[in-house]
Amino acid sequence: MRHEEYEQNVFINCPFDTEYASIFEAIVFAVNDAGFRPKCARERLDSSQVRLEKIADLISASRYSIHDLSRTELDHVNALPRFNMPLELGIDLGCKKFHPECSDKSLLIFDSEQYRFQKFVSDLGGQDIHQHSNSPKVAVTRVRNWLRTESGKSGIPSGAAIYARYEGFRSDLPEICAELNLDVGDLTFADFSYTIARWLNAHQP
Amino acid sequence: MAKNNSSADGHRKGALRDRSPVNGAWEKRDVSTGRFVDTKSDSAPFKGVRREILFPTEPSTIGHKKIDRAVDRVVSRKK
């Protein structure tokens, strides 16, 4: 049976490192502003649940998924590639293929350069892979356009409008955190996403 | 509170606070009963209708009410 929020949920499979934070946070904002609910493995604090189970639960509960393979590169310490993102993409593709109630899933796959993925996951040939060029603004527009097309939902603001609002939110965020006696980096994913939703709600007409 | 402009030039002042757009098409819903009261035939949204923002359902470590108050204070200072 489908999760009750399946149609609204967008699973985000992205790196969590600080260098990537600006793109990740812009994507979370764009998903919220488009009227969907971002889901991420970071949102669950229950450490008793096996990580892969947690991810599989989130994937099967989300009609839409964003997978960013741009950080699939050699680790400086071990000289081995980081393969969590491709693994989660594989689970999602399997869910879409083999779960009868999830065959309408839609995936947005990002990589840093066009055709780079063919060097490490050539089986993805034939899929549309998009580039964000490490730009939060480009990522916002790509996410917005994909959600608009795949959901058929009207009334989603343009990418430029969403990004302008995102800049407004980023400008207010330090003050909001100061009111909470927190640093911006202290916000959990769930609280960050809730703050975005509340801020967007406060800026409604 | 929304009100019509007395000069009848076709715009409303303020937002309709008891309606919200849902689903793919723009629909008016009475938030007190949850019933749909109107649907637009074109892709343009209703004038003055607030967009539906979905709030996360995961528990907060800070408390949603605290976040609400912090956001409202900052937003009201800037308005």
# chains A, B, ... in the order shown; residues from 1 in each chain; ligands from 1
call {"tool": "residues_around", "arguments": {"residues": "Arg69 of chain B", "least_positions_apart": "5", "cutoff": "12 Å", "atoms": "only C-alpha atoms", "output": "PDB file with N, CA and C atoms, in the first residue's frame"}}
result
ATOM      1  N   ILE A 176      16.779  34.529  12.387  1.00  0.00           N
ATOM      2  CA  ILE A 176      15.838  33.531  12.926  1.00  0.00           C
ATOM      3  C   ILE A 176      16.578  32.621  13.914  1.00  0.00           C
ATOM      4  N   CYS A 177      17.791  32.203  13.524  1.00  0.00           N
ATOM      5  CA  CYS A 177      18.572  31.330  14.411  1.00  0.00           C
ATOM      6  C   CYS A 177      19.002  32.082  15.677  1.00  0.00           C
ATOM      7  N   GLU A 179      17.278  34.324  17.163  1.00  0.00           N
ATOM      8  CA  GLU A 179      16.081  34.313  18.024  1.00  0.00           C
ATOM      9  C   GLU A 179      15.966  32.978  18.771  1.00  0.00           C
ATOM     10  N   LEU A 180      16.473  31.920  18.146  1.00  0.00           N
ATOM     11  CA  LEU A 180      16.389  30.579  18.745  1.00  0.00           C
ATOM     12  C   LEU A 180      17.637  30.234  19.560  1.00  0.00           C
ATOM     13  N   THR A 195      11.414  25.451   9.142  1.00  0.00           N
ATOM     14  CA  THR A 195      11.662  26.900   9.138  1.00  0.00           C
ATOM     15  C   THR A 195      11.384  27.484   7.759  1.00  0.00           C
ATOM     16  N   ARG A 198       7.607  27.577   7.269  1.00  0.00           N
ATOM     17  CA  ARG A 198       7.015  28.651   8.075  1.00  0.00           C
ATOM     18  C   ARG A 198       7.323  30.028   7.453  1.00  0.00           C
ATOM     19  N   TRP A 199       8.546  30.191   6.984  1.00  0.00           N
ATOM     20  CA  TRP A 199       8.953  31.462   6.354  1.00  0.00           C
ATOM     21  C   TRP A 199       8.143  31.694   5.085  1.00  0.00           C
ATOM     22  N   ALA A 202       4.708  32.740   5.958  1.00  0.00           N
ATOM     23  CA  ALA A 202       4.655  34.124   6.451  1.00  0.00           C
ATOM     24  C   ALA A 202       4.752  35.134   5.310  1.00  0.00           C
TER      25      ALA A 202
ATOM     26  N   ILE B  62      13.624  21.419  18.334  1.00  0.00           N
ATOM     27  CA  ILE B  62      13.516  22.737  18.966  1.00  0.00           C
ATOM     28  C   ILE B  62      12.091  22.970  19.470  1.00  0.00           C
ATOM     29  N   GLY B  63      11.127  22.552  18.682  1.00  0.00           N
ATOM     30  CA  GLY B  63       9.714  22.830  18.968  1.00  0.00           C
ATOM     31  C   GLY B  63       9.152  23.746  17.892  1.00  0.00           C
ATOM     32  N   HIS B  64       8.079  23.302  17.259  1.00  0.00           N
ATOM     33  CA  HIS B  64       7.522  24.080  16.151  1.00  0.00           C
ATOM     34  C   HIS B  64       7.043  25.461  16.600  1.00  0.00           C
ATOM     35  N   VAL B  74      11.069  37.857  13.079  1.00  0.00           N
ATOM     36  CA  VAL B  74      12.006  38.364  12.061  1.00  0.00           C
ATOM     37  C   VAL B  74      11.240  38.925  10.860  1.00  0.00           C
ATOM     38  N   VAL B  75      10.228  38.198  10.416  1.00  0.00           N
ATOM     39  CA  VAL B  75       9.465  38.649   9.242  1.00  0.00           C
ATOM     40  C   VAL B  75       8.743  39.960   9.546  1.00  0.00           C
ATOM     41  N   SER B  76       8.160  40.063  10.738  1.00  0.00           N
ATOM     42  CA  SER B  76       7.415  41.288  11.057  1.00  0.00           C
ATOM     43  C   SER B  76       8.353  42.492  11.192  1.00  0.00           C
TER      44      SER B  76
END
call {"tool": "residues_around", "arguments": {"residues": "Arg63 of chain A", "least_positions_apart": "2", "cutoff": "9 Å", "atoms": "only C-alpha atoms", "output": "ChimeraX atom specification"}}
result
/A:5-11,59-61,65,102,104-107
call {"tool": "atom_distance", "arguments": {"atom1": "atom CA of Asp57 of chain A", "atom2": "atom CA of Asn84 of chain A"}}
result
15.9 Å
call {"tool": "interface_residues", "arguments": {"of": "chain A", "to": "chain B", "cutoff": "8 Å", "atoms": "only C-alpha atoms", "output": "PyMOL selection string"}}
result
chain A and resi 32-33+35-38+43-44+151-155+172+175-177+179-180+188+190-191+193-195+197-202+204-205
call {"tool": "select_by_dssp", "arguments": {"residues": "segment 50-193 of chain A", "states": "alpha helix (DSSP H)", "output": "PyMOL selection string"}}
result
chain A and resi 51-60+84-98+136-151+159-179+189-193
